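A.B. asks: Got a file for you: input-v1.json, JSON, C-alpha atoms and all ligand atoms.
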```
[["chain", "number", "residue", "atom", "x", "y", "z"],
["E", 123, "MET", "CA", 1.54, 34.79, 6.96],
["E", 124, "THR", "CA", 4.00, 35.45, 9.83],
["E", 125, "ASP", "CA", 3.97, 38.64, 11.89],
["E", 126, "ASP", "CA", 7.27, 39.75, 10.39],
["E", 127, "PHE", "CA", 8.16, 40.95, 6.88],
["E", 128, "SER", "CA", 11.22, 39.35, 5.33],
["E", 129, "ARG", "CA", 14.22, 41.58, 5.87],
["E", 130, "ARG", "CA", 17.86, 42.12, 5.05],
["E", 131, "GLY", "CA", 20.28, 41.21, 7.88],
["E", 132, "LEU", "CA", 21.95, 43.96, 9.90],
["E", 133, "MET", "CA", 25.53, 44.39, 11.11],
["E", 134, "LEU", "CA", 25.73, 44.83, 14.89],
["E", 135, "VAL", "CA", 29.07, 46.23, 16.02],
["E", 136, "LEU", "CA", 30.37, 46.15, 19.59],
["E", 137, "SER", "CA", 33.43, 48.30, 20.33],
["E", 138, "SER", "CA", 35.04, 49.30, 23.61],
["E", 139, "PRO", "CA", 38.40, 49.71, 25.26],
["E", 140, "SER", "CA", 40.01, 46.32, 25.76],
["E", 141, "GLY", "CA", 38.52, 44.51, 28.78],
["E", 142, "ALA", "CA", 35.21, 46.40, 28.99],
["E", 143, "GLY", "CA", 33.21, 43.27, 28.12],
["E", 144, "LYS", "CA", 32.60, 42.90, 24.36],
["E", 145, "THR", "CA", 33.57, 39.23, 24.16],
["E", 146, "THR", "CA", 31.47, 38.31, 27.20],
["E", 147, "LEU", "CA", 28.43, 40.22, 25.91],
["E", 148, "SER", "CA", 28.86, 38.74, 22.42],
["E", 149, "ARG", "CA", 28.79, 35.21, 23.83],
["E", 150, "MET", "CA", 25.61, 35.96, 25.82],
["E", 151, "LEU", "CA", 23.93, 37.40, 22.72],
["E", 152, "LEU", "CA", 24.86, 34.42, 20.53],
["E", 153, "GLU", "CA", 23.54, 32.04, 23.17],
["E", 154, "GLU", "CA", 20.17, 33.76, 23.42],
["E", 155, "ASP", "CA", 19.51, 34.65, 19.78],
["E", 156, "ASN", "CA", 19.85, 32.26, 16.86],
["E", 157, "GLU", "CA", 19.17, 34.85, 14.12],
["E", 158, "ILE", "CA", 22.58, 36.43, 14.68],
["E", 159, "THR", "CA", 25.92, 34.94, 13.78],
["E", 160, "MET", "CA", 29.43, 36.02, 14.85],
["E", 161, "SER", "CA", 31.90, 37.41, 12.34],
["E", 162, "VAL", "CA", 35.13, 35.52, 13.03],
["E", 163, "SER", "CA", 38.07, 37.84, 12.40],
["E", 164, "ALA", "CA", 41.51, 37.02, 11.08],
["E", 165, "THR", "CA", 44.40, 38.16, 13.26],
["E", 166, "THR", "CA", 48.18, 37.98, 13.47],
["E", 167, "ARG", "CA", 47.92, 37.95, 17.30],
["E", 168, "PRO", "CA", 48.96, 34.63, 18.89],
["E", 169, "PRO", "CA", 46.08, 32.62, 20.41],
["E", 170, "ARG", "CA", 45.31, 32.97, 24.13],
["E", 171, "THR", "CA", 44.88, 29.87, 26.25],
["E", 172, "GLY", "CA", 41.54, 28.30, 25.36],
["E", 173, "GLU", "CA", 41.11, 30.15, 22.05],
["E", 174, "THR", "CA", 40.36, 27.99, 19.01],
["E", 175, "HIS", "CA", 41.33, 28.65, 15.38],
["E", 176, "GLY", "CA", 38.17, 29.20, 13.33],
["E", 177, "GLU", "CA", 36.00, 29.85, 16.39],
["E", 178, "ASP", "CA", 37.56, 32.77, 18.25],
["E", 179, "TYR", "CA", 39.76, 33.96, 15.39],
["E", 180, "TYR", "CA", 41.51, 32.74, 12.27],
["E", 181, "PHE", "CA", 45.08, 32.92, 13.57],
["E", 182, "VAL", "CA", 47.31, 33.69, 10.59],
["E", 183, "ASP", "CA", 50.87, 34.92, 10.03],
["E", 184, "LYS", "CA", 51.63, 38.39, 8.67],
["E", 185, "GLU", "CA", 52.25, 37.10, 5.15],
["E", 186, "THR", "CA", 48.86, 35.36, 4.97],
["E", 187, "PHE", "CA", 47.16, 38.46, 6.38],
["E", 188, "GLY", "CA", 48.86, 40.61, 3.73],
["E", 189, "LEU", "CA", 47.64, 38.26, 1.00],
["E", 190, "MET", "CA", 44.07, 38.48, 2.33],
["E", 191, "VAL", "CA", 44.29, 42.28, 2.17],
["E", 192, "ASN", "CA", 45.75, 42.26, -1.36],
["E", 193, "LYS", "CA", 43.07, 39.88, -2.62],
["E", 194, "ASN", "CA", 40.37, 42.18, -1.17],
["E", 195, "GLU", "CA", 39.13, 39.34, 1.03],
["E", 196, "LEU", "CA", 38.66, 41.59, 4.06],
["E", 197, "LEU", "CA", 35.69, 43.89, 4.57],
["E", 198, "GLU", "CA", 37.78, 46.02, 6.92],
["E", 199, "HIS", "CA", 41.14, 45.69, 8.62],
["E", 200, "ALA", "CA", 43.29, 47.58, 11.11],
["E", 201, "LYS", "CA", 46.39, 47.44, 13.25],
["E", 202, "VAL", "CA", 45.39, 47.25, 16.92],
["E", 203, "PHE", "CA", 47.94, 46.95, 19.77],
["E", 204, "ASP", "CA", 50.80, 45.93, 17.43],
["E", 205, "ASN", "CA", 48.82, 43.16, 15.66],
["E", 206, "TYR", "CA", 46.68, 43.09, 12.52],
["E", 207, "TYR", "CA", 42.98, 42.25, 12.63],
["E", 208, "GLY", "CA", 40.42, 42.02, 9.83],
["E", 209, "THR", "CA", 36.93, 40.83, 8.94],
["E", 210, "PRO", "CA", 36.62, 38.16, 6.20],
["E", 211, "ARG", "CA", 34.17, 39.50, 3.61],
["E", 212, "GLY", "CA", 32.53, 36.29, 2.30],
["E", 213, "PRO", "CA", 30.68, 35.00, 5.38],
["E", 214, "VAL", "CA", 29.32, 38.47, 6.20],
["E", 215, "GLU", "CA", 27.90, 39.10, 2.73],
["E", 216, "GLU", "CA", 26.33, 35.61, 2.59],
["E", 217, "ALA", "CA", 24.68, 36.05, 6.00],
["E", 218, "LEU", "CA", 23.21, 39.48, 5.21],
["E", 219, "VAL", "CA", 21.66, 38.33, 1.94],
["E", 220, "ALA", "CA", 20.14, 35.33, 3.74],
["E", 221, "GLY", "CA", 18.48, 37.72, 6.23],
["E", 222, "LYS", "CA", 20.81, 36.77, 9.08],
["E", 223, "ASP", "CA", 22.33, 39.39, 11.34],
["E", 224, "VAL", "CA", 26.08, 39.54, 11.93],
["E", 225, "LEU", "CA", 27.80, 40.48, 15.18],
["E", 226, "PHE", "CA", 31.22, 42.19, 15.10],
["E", 227, "ASP", "CA", 33.70, 42.64, 17.96],
["E", 228, "ILE", "CA", 35.95, 45.21, 16.28],
["E", 229, "ASP", "CA", 37.66, 48.51, 17.11],
["E", 230, "TRP", "CA", 36.76, 52.07, 16.05],
["E", 231, "GLN", "CA", 38.96, 51.94, 12.94],
["E", 232, "GLY", "CA", 37.10, 48.92, 11.58],
["E", 233, "THR", "CA", 33.76, 50.46, 12.51],
["E", 234, "GLN", "CA", 34.60, 53.59, 10.51],
["E", 235, "GLN", "CA", 35.45, 51.43, 7.48],
["E", 236, "LEU", "CA", 32.15, 49.52, 7.76],
["E", 237, "GLU", "CA", 30.32, 52.86, 8.03],
["E", 238, "GLU", "CA", 31.93, 54.02, 4.77],
["E", 239, "ALA", "CA", 31.06, 50.79, 2.97],
["E", 240, "SER", "CA", 27.63, 49.83, 4.38],
["E", 241, "ALA", "CA", 26.12, 52.57, 6.57],
["E", 242, "ASP", "CA", 22.51, 51.41, 6.04],
["E", 243, "ASP", "CA", 23.19, 47.94, 7.44],
["E", 244, "LEU", "CA", 25.19, 49.13, 10.43],
["E", 245, "VAL", "CA", 24.16, 49.39, 14.10],
["E", 246, "ARG", "CA", 27.02, 50.59, 16.30],
["E", 247, "ILE", "CA", 27.20, 50.02, 20.07],
["E", 248, "PHE", "CA", 30.01, 51.33, 22.26],
["E", 249, "ILE", "CA", 30.61, 49.66, 25.64],
["E", 250, "LEU", "CA", 31.99, 51.81, 28.47],
["E", 251, "PRO", "CA", 33.55, 50.44, 31.66],
["E", 252, "PRO", "CA", 32.23, 51.93, 34.94],
["E", 253, "SER", "CA", 35.70, 53.27, 35.89],
["E", 254, "ALA", "CA", 39.40, 53.05, 35.03],
["E", 255, "ALA", "CA", 40.06, 50.95, 38.15],
["E", 256, "GLU", "CA", 37.33, 48.46, 37.19],
["E", 257, "LEU", "CA", 38.68, 48.24, 33.62],
["E", 258, "GLU", "CA", 42.17, 47.43, 34.90],
["E", 259, "SER", "CA", 40.78, 44.92, 37.37],
["E", 260, "ARG", "CA", 38.83, 43.15, 34.57],
["E", 261, "LEU", "CA", 41.92, 42.98, 32.34],
["E", 262, "LYS", "CA", 43.96, 41.53, 35.21],
["E", 263, "LYS", "CA", 41.22, 39.11, 36.34],
["E", 264, "ARG", "CA", 40.92, 37.74, 32.81],
["E", 265, "ALA", "CA", 44.48, 36.55, 33.43],
["E", 266, "GLN", "CA", 45.19, 35.99, 29.76],
["E", 267, "ASP", "CA", 47.68, 38.73, 29.04],
["E", 268, "SER", "CA", 51.05, 39.69, 30.50],
["E", 269, "LEU", "CA", 51.27, 42.72, 32.78],
["E", 270, "GLU", "CA", 53.04, 44.53, 29.93],
["E", 271, "THR", "CA", 50.09, 43.83, 27.60],
["E", 272, "VAL", "CA", 47.58, 44.97, 30.25],
["E", 273, "THR", "CA", 49.55, 48.20, 30.73],
["E", 274, "LYS", "CA", 49.65, 48.78, 26.97],
["E", 275, "ARG", "CA", 45.89, 48.19, 26.65],
["E", 276, "MET", "CA", 45.13, 50.52, 29.59],
["E", 277, "ALA", "CA", 47.29, 53.19, 27.93],
["E", 278, "GLN", "CA", 45.19, 52.89, 24.73],
["E", 279, "ALA", "CA", 41.82, 52.95, 26.52],
["E", 280, "SER", "CA", 41.39, 56.72, 26.54],
["E", 281, "ASP", "CA", 42.10, 56.88, 22.82],
["E", 282, "GLU", "CA", 39.51, 54.18, 22.03],
["E", 283, "ILE", "CA", 36.92, 55.89, 24.29],
["E", 284, "SER", "CA", 37.48, 59.20, 22.47],
["E", 285, "HIS", "CA", 35.51, 57.66, 19.55],
["E", 286, "TYR", "CA", 32.36, 56.95, 21.59],
["E", 287, "ALA", "CA", 30.32, 59.67, 19.82],
["E", 288, "GLU", "CA", 30.72, 57.85, 16.48],
["E", 289, "TYR", "CA", 28.38, 55.12, 17.81],
["E", 290, "ASP", "CA", 24.57, 54.92, 17.77],
["E", 291, "TYR", "CA", 24.21, 53.51, 21.30],
["E", 292, "ILE", "CA", 26.33, 53.64, 24.46],
["E", 293, "ILE", "CA", 26.12, 50.93, 27.13],
["E", 294, "LEU", "CA", 27.70, 51.47, 30.55],
["E", 295, "ASN", "CA", 28.68, 47.90, 31.39],
["E", 296, "GLU", "CA", 28.36, 47.74, 35.16],
["E", 297, "ASP", "CA", 26.01, 44.78, 35.64],
["E", 298, "ILE", "CA", 26.57, 42.28, 32.84],
["E", 299, "ALA", "CA", 22.96, 40.99, 32.87],
["E", 300, "VAL", "CA", 21.57, 44.54, 32.55],
["E", 301, "SER", "CA", 23.98, 45.32, 29.68],
["E", 302, "HIS", "CA", 22.95, 42.12, 27.93],
["E", 303, "ARG", "CA", 19.24, 42.99, 28.18],
["E", 304, "LYS", "CA", 19.93, 46.48, 26.78],
["E", 305, "ILE", "CA", 21.77, 45.02, 23.78],
["E", 306, "MET", "CA", 18.89, 42.58, 23.15],
["E", 307, "THR", "CA", 16.45, 45.51, 23.24],
["E", 308, "ILE", "CA", 18.52, 47.46, 20.71],
["E", 309, "LEU", "CA", 18.79, 44.44, 18.41],
["E", 310, "LYS", "CA", 15.04, 43.73, 18.51],
["E", 311, "ALA", "CA", 14.12, 47.36, 17.80],
["E", 312, "GLU", "CA", 16.69, 47.71, 14.99],
["E", 313, "ARG", "CA", 15.30, 44.59, 13.29],
["E", 314, "LEU", "CA", 11.91, 46.31, 13.10],
["E", 315, "LYS", "CA", 13.17, 49.45, 11.33],
["E", 316, "ARG", "CA", 11.24, 50.26, 8.17],
["E", 317, "VAL", "CA", 14.34, 50.41, 5.97],
["E", 318, "ARG", "CA", 15.22, 46.79, 6.76],
["E", 319, "GLN", "CA", 11.79, 45.36, 5.81],
["E", 320, "THR", "CA", 12.45, 44.31, 2.21],
["E", 321, "ALA", "CA", 8.89, 43.07, 1.57],
["E", 322, "LEU", "CA", 7.15, 46.04, 3.15],
["E", 323, "SER", "CA", 6.61, 48.32, 0.16],
["E", 324, "ASP", "CA", 5.02, 45.50, -1.92],
["E", 325, "PHE", "CA", 2.76, 44.64, 0.98],
["E", 326, "VAL", "CA", 1.65, 48.26, 1.40],
["E", 327, "LYS", "CA", 1.09, 48.60, -2.37],
["E", 328, "GLN", "CA", -1.17, 45.53, -2.37],
["E", 329, "LEU", "CA", -2.94, 46.67, 0.78],
["E", 330, "ARG", "CA", -3.70, 50.07, -0.72],
["E", 331, "ALA", "CA", -4.80, 48.55, -4.02],
["E", 332, "SER", "CA", -7.30, 46.42, -2.16],
["E", 333, "LEU", "CA", -8.83, 49.37, -0.29],
["P", 401, "LIG", "N1", 29.88, 43.71, 33.80],
["P", 401, "LIG", "C1", 30.95, 43.01, 34.19],
["P", 401, "LIG", "N2", 31.22, 42.87, 35.50],
["P", 401, "LIG", "C2", 32.32, 42.18, 35.91],
["P", 401, "LIG", "N3", 33.21, 41.58, 35.08],
["P", 401, "LIG", "C3", 32.99, 41.70, 33.76],
["P", 401, "LIG", "C4", 31.85, 42.41, 33.24],
["P", 401, "LIG", "N4", 31.90, 42.35, 31.89],
["P", 401, "LIG", "C5", 33.00, 41.63, 31.57],
["P", 401, "LIG", "N5", 33.65, 41.23, 32.69],
["P", 401, "LIG", "C6", 34.90, 40.45, 32.77],
["P", 401, "LIG", "O1", 35.95, 41.30, 32.32],
["P", 401, "LIG", "C7", 36.94, 40.56, 31.61],
["P", 401, "LIG", "C8", 37.14, 41.18, 30.22],
["P", 401, "LIG", "O2", 35.95, 40.97, 29.46],
["P", 401, "LIG", "P1", 35.98, 40.63, 27.91],
["P", 401, "LIG", "O3", 37.05, 39.65, 27.61],
["P", 401, "LIG", "O4", 34.58, 40.32, 27.53],
["P", 401, "LIG", "O5", 36.41, 42.08, 27.36],
["P", 401, "LIG", "P2", 36.65, 42.58, 25.86],
["P", 401, "LIG", "O6", 36.05, 43.93, 25.76],
["P", 401, "LIG", "O7", 36.17, 41.56, 24.91],
["P", 401, "LIG", "O8", 38.23, 42.69, 25.77],
["P", 401, "LIG", "P3", 39.18, 42.63, 24.46],
["P", 401, "LIG", "O9", 38.92, 43.84, 23.66],
["P", 401, "LIG", "O10", 40.57, 42.66, 25.06],
["P", 401, "LIG", "O11", 38.92, 41.36, 23.73],
["P", 401, "LIG", "C9", 36.45, 39.10, 31.56],
["P", 401, "LIG", "O12", 37.11, 38.37, 32.56],
["P", 401, "LIG", "C10", 34.95, 39.23, 31.87],
["P", 401, "LIG", "O13", 34.45, 38.08, 32.52],
["P", 402, "LIG", "N1", 39.24, 46.54, 13.20],
["P", 402, "LIG", "C1", 39.18, 45.33, 13.75],
["P", 402, "LIG", "N2", 39.37, 45.17, 15.09],
["P", 402, "LIG", "C2", 39.25, 43.95, 15.60],
["P", 402, "LIG", "C3", 38.95, 42.82, 14.82],
["P", 402, "LIG", "N3", 38.91, 41.73, 15.62],
["P", 402, "LIG", "C4", 39.16, 42.17, 16.86],
["P", 402, "LIG", "N4", 39.36, 43.50, 16.86],
["P", 402, "LIG", "C5", 39.66, 44.37, 18.01],
["P", 402, "LIG", "O1", 40.99, 44.18, 18.42],
["P", 402, "LIG", "C6", 41.09, 44.49, 19.81],
["P", 402, "LIG", "C7", 41.90, 43.44, 20.53],
["P", 402, "LIG", "O2", 41.26, 42.19, 20.50],
["P", 402, "LIG", "P1", 41.85, 40.96, 21.33],
["P", 402, "LIG", "O3", 41.02, 39.77, 20.95],
["P", 402, "LIG", "O4", 43.29, 40.84, 20.94],
["P", 402, "LIG", "O5", 41.70, 41.32, 22.78],
["P", 402, "LIG", "C8", 39.65, 44.61, 20.34],
["P", 402, "LIG", "O6", 39.37, 46.00, 20.47],
["P", 402, "LIG", "C9", 38.82, 44.02, 19.24],
["P", 402, "LIG", "O7", 37.55, 44.61, 19.18],
["P", 402, "LIG", "C10", 38.75, 43.02, 13.40],
["P", 402, "LIG", "O8", 38.49, 42.09, 12.62],
["P", 402, "LIG", "N5", 38.88, 44.27, 12.94]]
```
Will you turn the file into C-alpha cells for me?
Ligand SMILES: Nc1ncnc2c1ncn2[C@@H]1O[C@H](COP(=O)(O)OP(=O)(O)OP(=O)(O)O)[C@@H](O)[C@H]1O
Ligand SMILES: Nc1nc2c(ncn2[C@@H]2O[C@H](COP(=O)(O)O)[C@@H](O)[C@H]2O)c(=O)[nH]1
C.D. replies:
Amino acid sequence: MTDDFSRRGLMLVLSSPSGAGKTTLSRMLLEEDNEITMSVSATTRPPRTGETHGEDYYFVDKETFGLMVNKNELLEHAKVFDNYYGTPRGPVEEALVAGKDVLFDIDWQGTQQLEEASADDLVRIFILPPSAAELESRLKKRAQDSLETVTKRMAQASDEISHYAEYDYIILNEDIAVSHRKIMTILKAERLKRVRQTALSDFVKQLRASL
C-alpha cells in the first residue's frame, strides 16, 4: 500500500493582472511537479514571438472559436483585451478522471465560470504584483507587446485586481522563487484534502470493521 489514497484531480487556477507572473510561475510548477498538466487554451489572439501552436495556445480564427463555443467544446470562455480565450473541455475532464491535476492560466471571468460548473474541484490563486510601477516594468521588459498593448493592459489591471477576494489564496509575487514555493505548498496541501480522497471512506469502513 502507498502512503496516499487514490484521488480525483484538482483544478488549480492562477489569475492576475497581465504581467504579474502567471506564465512564469506556471512553467516553474510544471517543471517541478509531474502530477499536474497545463490546460492549453484556445485564443483568437495572434501568437507572440516564440509561442507555439498547441503548446502555448491553440491559435484559431474567430470563426473556429465560435464553432467551438457552439459545439460546447469549451469549459469556459471569455473576451479579454479584445480577443477571445477559452478552455477546451476534453483534455481537462480526461485528466481529472485519471487523478491528474490541471493548471489554468485564465482570467476572473473564466474562473467564475469554472466555480459555477465545478466548485469542488477548484483551487483559485490570485497573483498580485508588488506595485503598479513594477507591473509596468515587467510588461515592458517582457518586450512582447506594443506600447499600446502594454498601456491597454495596465489600464485593465485595476479591474482584474478588483476580483482578488473571489480567490482562495493570494500570492504577492515579489521574489519569484518564494512565490513558486508558496504555490507548491498550496498544491500539496490541497491534494491532501479529505474531499479529494476517493478511496478514503472505503478504507475507513474496513478499518472500523476490523476493530
Ligand atoms: N517575481 C518576479 N520578479 C521579476 N520579474 C518577474 C517576476 N515574475 C515574473 N516576472 C517577469 O515579468 C514578465 C511578465 O511575466 P509573465 O509573462 O509570467 O506574466 P503573466 O501574468 O503571465 O502575463 P499575461 O497575463 O500577460 O500572460 C516576464 O518577463 C517575467 O519574466
Ligand atoms: N477566461 C480565460 N482567460 C484566459 C484563457 N487563456 C488565457 N486567459 C487570460 O487572458 C489574459 C491574456 O493572456 P495573454 O496570453 O494574451 O497575455 C490573461 O489574463 C490570461 O490569464 C482562457 O482560456 N480563458
A.B. asks: Quick one: which chain E residues come within 7 Å of ligand LIG 401 (chain P), and what is the nearest atom pair for each with the distance in Å to one decimal, counting all atoms listed in the file, rows ordered by chain and ascending number, as a Markdown table?
C.D. replies:
```
| residue | atom | partner | partner_atom | distance |
| --- | --- | --- | --- | --- |
| E:Ser138 | CA | P:LIG401 | O6 | 5.9 |
| E:Pro139 | CA | P:LIG401 | O9 | 6.1 |
| E:Ser140 | CA | P:LIG401 | O9 | 3.4 |
| E:Gly141 | CA | P:LIG401 | O5 | 3.5 |
| E:Ala142 | CA | P:LIG401 | O6 | 4.2 |
| E:Gly143 | CA | P:LIG401 | O4 | 3.3 |
| E:Lys144 | CA | P:LIG401 | O7 | 3.9 |
| E:Thr145 | CA | P:LIG401 | O7 | 3.6 |
| E:Thr146 | CA | P:LIG401 | O4 | 3.7 |
| E:Leu147 | CA | P:LIG401 | O4 | 6.4 |
| E:Arg260 | CA | P:LIG401 | O1 | 4.1 |
| E:Leu261 | CA | P:LIG401 | C8 | 5.5 |
| E:Lys263 | CA | P:LIG401 | O12 | 5.6 |
| E:Arg264 | CA | P:LIG401 | O12 | 3.9 |
| E:Asn295 | CA | P:LIG401 | N1 | 5.0 |
| E:Glu296 | CA | P:LIG401 | N1 | 4.5 |
| E:Asp297 | CA | P:LIG401 | N1 | 4.4 |
| E:Ile298 | CA | P:LIG401 | N1 | 3.7 |
```
A.B. asks: Collect all residues with atoms no farther than 7 Å from ligand LIG 402 (chain P), counting all atoms listed in the file, and output them as a count of residues only.
C.D. replies: 22
A.B. asks: Residues near range 319-330 of chain E, anyone? I mean within 8 Å using only C-alpha atoms, not counting same-chain ones fewer than 3 positions away, as a list in words.
C.D. replies: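 That gives Phe127, Ser128, Arg129, Arg130, Leu314, Lys315, Arg316 and Leu333 of chain E.
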A.B. asks: What is the CA of Lys304 in chain E to CA of Ala287 in chain E distance in Å?
C.D. replies: 18.2 Å
A.B. asks: For a test of reading the model, state the distance in Å between CA of Ile305 in chain E and CA of Gly131 in chain E, rounded to one decimal.
C.D. replies: 16.4 Å
A.B. asks: Measuring atom to atom with only C-alpha atoms, identify which of E:Met190, E:Ala239, E:Leu250, E:Val245 is nearest to Leu134 in chain E.
C.D. replies: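 Between E:Met190, E:Ala239, E:Leu250, E:Val245, the residue approaching Leu134 in chain E most closely is E:Val245.
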A.B. asks: Restricting the calculation to all atoms listed in the file: of E:Glu312, E:Asp223, E:Glu256, E:Asp204, which residue gets closest to Gln278 in chain E?
C.D. replies: E:Asp204
A.B. asks: For a cutoff of 12 Å around the file-coordinate point (31.2, 60.0, 19.9), which residues qualify once you count only C-alpha atoms? I'd like the result as a list in words.
C.D. replies: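 All residues meeting the 12 Å criterion around (31.2, 60.0, 19.9) are Ser137, Ser138, Trp230, Gln234, Arg246, Ile247, Phe248, Ile249, Leu250, Asp281, Glu282, Ile283, Ser284, His285, Tyr286, Ala287, Glu288, Tyr289, Asp290, Tyr291 and Ile292 of chain E.
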A.B. asks: Padding of 3 Å on every side, edges along x, y and z, all listed atoms of range 260-271 of chain E included: what centre and edge lengths in Å, to one decimal, does that box have, as AutoDock Vina command-line options?
C.D. replies:
```
--center_x 45.9 --center_y 40.3 --center_z 32.0 --size_x 20.2 --size_y 14.5 --size_z 14.7
```
A.B. asks: In terms of the shortest atom-to-atom distance over all atoms listed in the file, which of E:Leu309, E:Met276, E:Leu257, E:Leu244 is closest to Glu157 in chain E?
C.D. replies: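 Comparing E:Leu309, E:Met276, E:Leu257, E:Leu244 against Glu157 in chain E, the winner is E:Leu309.
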A.B. asks: Quote the spacing between CA of Asp267 in chain E and CA of Pro168 in chain E in Å to one decimal place.
C.D. replies: 11.0 Å
A.B. asks: For Thr186 in chain E, which residue among E:Thr166, E:Leu132, E:Ala299, E:Ile308 is the nearest when counting all atoms listed in the file?
C.D. replies: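 Smallest distance to Thr186 in chain E is found for E:Thr166.
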A.B. asks: Nearest to Leu236 in chain E: which of E:Leu197, E:Arg318, E:Phe181, E:Arg170 is it, counting all atoms listed in the file?
C.D. replies: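 Selected residue with least distance to Leu236 in chain E: E:Leu197.
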A.B. asks: What would range 171-177 of chain E look like with all heavy atoms in place, written as an mmCIF file, in the coordinates of the input?
C.D. replies:
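Writing done, so here's out-v8.cif:
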```
data_model
loop_
_atom_site.group_PDB
_atom_site.id
_atom_site.type_symbol
_atom_site.label_atom_id
_atom_site.label_comp_id
_atom_site.auth_asym_id
_atom_site.auth_seq_id
_atom_site.Cartn_x
_atom_site.Cartn_y
_atom_site.Cartn_z
ATOM 1 N N THR E 171 45.262 31.190 25.757
ATOM 2 C CA THR E 171 44.880 29.870 26.250
ATOM 3 C C THR E 171 43.374 29.691 26.090
ATOM 4 O O THR E 171 42.611 30.574 26.459
ATOM 5 C CB THR E 171 45.228 29.749 27.767
ATOM 6 O OG1 THR E 171 46.551 30.202 27.942
ATOM 7 C CG2 THR E 171 45.056 28.330 28.267
ATOM 8 N N GLY E 172 42.980 28.586 25.499
ATOM 9 C CA GLY E 172 41.540 28.300 25.360
ATOM 10 C C GLY E 172 40.946 28.806 24.058
ATOM 11 O O GLY E 172 39.813 28.459 23.725
ATOM 12 N N GLU E 173 41.660 29.657 23.321
ATOM 13 C CA GLU E 173 41.110 30.150 22.050
ATOM 14 C C GLU E 173 41.327 29.109 20.940
ATOM 15 O O GLU E 173 42.371 28.462 20.882
ATOM 16 C CB GLU E 173 41.773 31.481 21.660
ATOM 17 C CG GLU E 173 41.243 32.651 22.459
ATOM 18 C CD GLU E 173 41.815 33.997 22.020
ATOM 19 O OE1 GLU E 173 42.974 34.051 21.547
ATOM 20 O OE2 GLU E 173 41.120 35.002 22.181
ATOM 21 N N THR E 174 40.324 28.999 20.069
ATOM 22 C CA THR E 174 40.360 27.990 19.010
ATOM 23 C C THR E 174 40.380 28.663 17.641
ATOM 24 O O THR E 174 39.587 29.592 17.388
ATOM 25 C CB THR E 174 39.075 27.109 19.111
ATOM 26 O OG1 THR E 174 38.981 26.646 20.455
ATOM 27 C CG2 THR E 174 39.107 25.935 18.156
ATOM 28 N N HIS E 175 41.250 28.158 16.760
ATOM 29 C CA HIS E 175 41.330 28.650 15.380
ATOM 30 C C HIS E 175 39.993 28.371 14.680
ATOM 31 O O HIS E 175 39.474 27.251 14.743
ATOM 32 C CB HIS E 175 42.473 27.933 14.648
ATOM 33 C CG HIS E 175 42.624 28.344 13.216
ATOM 34 N ND1 HIS E 175 43.241 29.519 12.835
ATOM 35 C CD2 HIS E 175 42.220 27.746 12.075
ATOM 36 C CE1 HIS E 175 43.216 29.617 11.521
ATOM 37 N NE2 HIS E 175 42.608 28.558 11.034
ATOM 38 N N GLY E 176 39.424 29.393 14.048
ATOM 39 C CA GLY E 176 38.170 29.200 13.330
ATOM 40 C C GLY E 176 36.935 29.490 14.183
ATOM 41 O O GLY E 176 35.839 29.651 13.661
ATOM 42 N N GLU E 177 37.139 29.538 15.510
ATOM 43 C CA GLU E 177 36.000 29.850 16.390
ATOM 44 C C GLU E 177 36.166 31.249 16.979
ATOM 45 O O GLU E 177 35.296 32.103 16.863
ATOM 46 C CB GLU E 177 35.918 28.839 17.528
ATOM 47 C CG GLU E 177 35.043 27.651 17.199
ATOM 48 C CD GLU E 177 34.976 26.665 18.350
ATOM 49 O OE1 GLU E 177 34.971 27.092 19.521
ATOM 50 O OE2 GLU E 177 34.959 25.451 18.059
#
```
